[in-house]
Amino acid sequence: MTTVSTTTTTTTYTLPAQVDEKYPAVFHHEFRLEQRTDPSYTTTTSATSTPATPHQSSQTPEIRPLSPKTTQSALLLHGVGEQYTLVTDHAIPAISKPEEILVKIQAIGLNPVDWKGPAYNFGLPTLPWINGRDLAGIVVQTNTHDKNSRIRVGDRVLVPSTDYRDIRKAAFQQYAVATHFNAARIPESVCLQESASLGVAFVASVLALGVSLGLDFSGAQRCPGPNLVETVLGLDVEGIPVDIREQCLAAVPREERLRGGEWIAIWGASTTTGYITLQLAKLAGLTVICVADIARHGSRLHHLGADVLVDRQDPERAVDIIRGVTGGKLRYAVDIVGSETATLLERTLDDSVRDDGSRAHLLGLTGLPKVRKSGIVYHTVPIKLFHLSDVVGESMVGWLEALLETGALQLPEIVRREGGLGNVNESLEILRLGSVSGKRIVVDLEE
Ligand SMILES: NC(=O)c1ccc[n+]([C@@H]2O[C@H](COP(=O)([O-])OP(=O)(O)OC[C@H]3O[C@@H](n4cnc5c(N)ncnc54)[C@H](OP(=O)(O)O)[C@@H]3O)[C@@H](O)[C@H]2O)c1
């Protein structure tokens, strides 16, 4: 526990405890690529200082007193197949590295993995555990001496919490730790609750198109972005985890990289991830075929620039339509639904190996066909690159800030749910049943 007293008043403010004794925080960082180090950094703080104000820079870590308490409400998952349990005595997580910040969460965006993980026992490092992948809130503490730091106390930020092995970073609690390179500042013009809806979807879309398929965003209309495939090639190979190394470095030969002017098909375009993927693909000059329930989502997808709309109700007909529209020459496709639809999408591709050796490319976010064809390269998304590489993470959140600032990226529609953490179980059940279609459920956290 750390105590900071001010010189202007006699109030003693207590900062979060370092570790929760009941549920120890997991400081599991598999790799940190090109991690920045700060030689003057110390993990414990005992200072006499005036509480920092928003955007105030100082030589000591920016510390804003939270409240006299050290505990918070959180949702704990005790067992597979169970609902989350609300507790009110969970320790507020502590920042422990120079690149870390503490965020007071104001809104949580719900992702399918939030119910699928507990139901099917994946993404749970141990039990009990805290889940939650998308959050937005206010930065209440930073841990840097860098007065030029992009993130300051008082900033409104959205955080895609892909580092699910670190319980401190989970969204289903009142305070969460994040890294500054995984936090995007929310422009004043943008609603905080709406911005809680898109983080993980944005990360998945950018890495799918920009790393797995090699699309260079630097020429994107209205708001140029990063050339991530080149950034990744510049990383220390040994620092990239073995399980994503091939996908990062060797999956798409230079001459086969996805480029403006190419066609791409997206199966599951009405998902939040599809909604973002469509927009990024259009900004980069691609011609996009969207497979979705067109009666429900056609107007919205058309408005976002979809070039061809294909209804998903008759999947065989959808395959025929895509082959017909592209003359059987489609070379790139992304599935965002599952291995069954990925197998359908596979059949829309021209799977011939061309004279130059090039092949078609199929990316699956939720699964891939079981049997592979030699004329197709199969891709997954190296999602952890976002939190393992500060260079990759920062270039992505920097672009996201610009996309939001310029209005080049439209946010998904949301359904706002009141009731705070206590309403997450019910909201996840609504998500699981699919009764909220084409919208992201966002839970407001109470003050
Ligand atoms: N690998 C990763 O790192 C990663 C990252 C992000 C997401 N994902 C995965 O990607 C998937 C989408 O996630 P999300 O958060 O974007 O989903 P979401 O926003 O919750 O998407 C739900 C939508 O999926 C549509 N859908 C359901 N079945 C469909 C089908 N057979 N064909 C076409 N559309 C269908 C539904 O549209 P209707 O209105 O037509 O029913 C519904 O609106 C999830 O499985 C998620 O786990 C993976």
# chains A, B, ... in the order shown; residues from 1 in each chain; ligands from 1
$ residues_near_ligand --ligand "ligand 1" --cutoff "8 Å" --atoms "only C-alpha atoms and all ligand atoms" --output "PyMOL selection string"
chain A and resi 110-113+116+200-201+203-205+267-275+291-294+296-297+312+336-338+341+364-366+380-383+431+434+436-440
$ residues_around --residues "Leu404 (chain A)" --least-positions-apart "2" --cutoff "12 Å" --atoms "only C-alpha atoms" --output "number ranges by chain"
A: 157-158, 184-192, 194-195, 198-199, 202, 222-223, 397-402, 406-411
$ select_by_dssp --residues "region 360-431 of chain A" --states "strand (DSSP E)" --output "number ranges by chain"
A: 360-364, 376-379, 414-417
$ select_by_dssp --residues "region 221-433 of chain A" --states "alpha helix (DSSP H)" --output "ChimeraX atom specification"
/A:228-233,242-249,272-283,294-303,315-325,339-346,385-388,390-406,424-433
$ residues_around --residues "Ile376 (chain A)" --least-positions-apart "2" --cutoff "8 Å" --atoms "only C-alpha atoms" --output "JSON, numbers by chain"
{"A": [351, 352, 359, 360, 361, 362, 372, 373, 374, 378]}
$ residues_around --residues "Tyr164 (chain A)" --least-positions-apart "4" --cutoff "12 Å" --atoms "only C-alpha atoms" --output "ChimeraX atom specification"
/A:25-30,113-114,117,122-126,129-134,160,168-172,176-178,200,383-384,387
$ residues_around --residues "Asp356 (chain A)" --least-positions-apart "2" --cutoff "12 Å" --atoms "only C-alpha atoms" --output "PyMOL selection string"
chain A and resi 253+255-256+352-354+358-359
$ atom_distance --atom1 "CA of Lys104 (chain A)" --atom2 "CA of Arg416 (chain A)"
18.4 Å
$ closest_residue --among "A:Leu278, A:Val242, A:Ile264, A:Val325" --to "His303 (chain A)" --atoms "only C-alpha atoms"
A:Leu278
$ residues_around --residues "region 75-91 of chain A" --least-positions-apart "6" --cutoff "7 Å" --atoms "only C-alpha atoms" --output "PyMOL selection string"
chain A and resi 17+20+118-119+121+127-130+172-173+421-422+425
$ write_last_selection --atoms "N, CA, C and O atoms" --output "mmCIF file, in the first residue's frame"
data_model
loop_
_atom_site.group_PDB
_atom_site.id
_atom_site.type_symbol
_atom_site.label_atom_id
_atom_site.label_comp_id
_atom_site.auth_asym_id
_atom_site.auth_seq_id
_atom_site.Cartn_x
_atom_site.Cartn_y
_atom_site.Cartn_z
ATOM 1 N N ALA A 17 -3.559 -0.847 -3.304
ATOM 2 C CA ALA A 17 -2.602 -1.846 -2.853
ATOM 3 C C ALA A 17 -1.907 -2.468 -4.049
ATOM 4 O O ALA A 17 -2.478 -2.565 -5.119
ATOM 5 N N ASP A 20 -3.520 -7.948 -4.554
ATOM 6 C CA ASP A 20 -4.646 -8.442 -3.802
ATOM 7 C C ASP A 20 -4.267 -9.797 -3.210
ATOM 8 O O ASP A 20 -3.931 -10.725 -3.919
ATOM 9 N N PRO A 118 -16.228 -18.280 -20.456
ATOM 10 C CA PRO A 118 -16.733 -19.043 -19.309
ATOM 11 C C PRO A 118 -17.548 -20.270 -19.725
ATOM 12 O O PRO A 118 -17.503 -21.295 -19.053
ATOM 13 N N ALA A 119 -18.311 -20.170 -20.821
ATOM 14 C CA ALA A 119 -19.164 -21.295 -21.227
ATOM 15 C C ALA A 119 -18.344 -22.468 -21.747
ATOM 16 O O ALA A 119 -18.652 -23.624 -21.461
ATOM 17 N N ASN A 121 -14.844 -22.710 -21.533
ATOM 18 C CA ASN A 121 -13.556 -22.844 -20.847
ATOM 19 C C ASN A 121 -12.354 -22.487 -21.729
ATOM 20 O O ASN A 121 -11.466 -23.303 -21.941
ATOM 21 N N LEU A 127 -8.766 -19.813 -12.014
ATOM 22 C CA LEU A 127 -10.026 -19.411 -11.378
ATOM 23 C C LEU A 127 -9.774 -19.150 -9.903
ATOM 24 O O LEU A 127 -8.952 -19.846 -9.300
ATOM 25 N N PRO A 128 -10.431 -18.204 -9.288
ATOM 26 C CA PRO A 128 -11.359 -17.265 -9.922
ATOM 27 C C PRO A 128 -10.623 -16.271 -10.826
ATOM 28 O O PRO A 128 -9.417 -16.041 -10.645
ATOM 29 N N TRP A 129 -11.369 -15.675 -11.773
ATOM 30 C CA TRP A 129 -10.756 -14.757 -12.721
ATOM 31 C C TRP A 129 -11.696 -13.604 -13.032
ATOM 32 O O TRP A 129 -12.920 -13.718 -12.807
ATOM 33 N N ILE A 130 -11.113 -12.524 -13.507
ATOM 34 C CA ILE A 130 -11.920 -11.383 -13.963
ATOM 35 C C ILE A 130 -11.781 -11.308 -15.476
ATOM 36 O O ILE A 130 -10.665 -11.390 -15.998
ATOM 37 N N PHE A 172 -14.037 -5.979 -16.307
ATOM 38 C CA PHE A 172 -15.166 -6.132 -15.394
ATOM 39 C C PHE A 172 -14.778 -5.762 -13.961
ATOM 40 O O PHE A 172 -14.893 -6.564 -13.014
ATOM 41 N N GLN A 173 -14.314 -4.558 -13.786
ATOM 42 C CA GLN A 173 -13.989 -4.032 -12.460
ATOM 43 C C GLN A 173 -14.045 -2.505 -12.557
ATOM 44 O O GLN A 173 -14.146 -1.951 -13.653
ATOM 45 N N LEU A 421 -21.800 -3.040 -12.977
ATOM 46 C CA LEU A 421 -21.293 -4.413 -13.040
ATOM 47 C C LEU A 421 -22.389 -5.432 -12.723
ATOM 48 O O LEU A 421 -22.384 -6.547 -13.251
ATOM 49 N N GLY A 422 -23.320 -5.014 -11.873
ATOM 50 C CA GLY A 422 -24.398 -5.913 -11.479
ATOM 51 C C GLY A 422 -25.307 -6.302 -12.629
ATOM 52 O O GLY A 422 -26.108 -7.235 -12.518
ATOM 53 N N ASN A 425 -24.125 -9.818 -16.194
ATOM 54 C CA ASN A 425 -24.616 -11.180 -16.472
ATOM 55 C C ASN A 425 -25.836 -11.147 -17.384
ATOM 56 O O ASN A 425 -25.902 -11.870 -18.384
#
$ closest_residue --among "A:Gly234, A:Gly260, A:Pro241, A:Gly367" --to "Ala281 (chain A)" --atoms "only C-alpha atoms"
A:Gly260
$ closest_residue --among "A:Pro369, A:Pro98, A:Gly420, A:Pro226" --to "Thr179 (chain A)" --atoms "only C-alpha atoms"
A:Pro98
$ closest_residue --among "A:Leu433, A:Leu445, A:Ala74, A:Val392" --to "Cys248 (chain A)" --atoms "only C-alpha atoms"
A:Val392
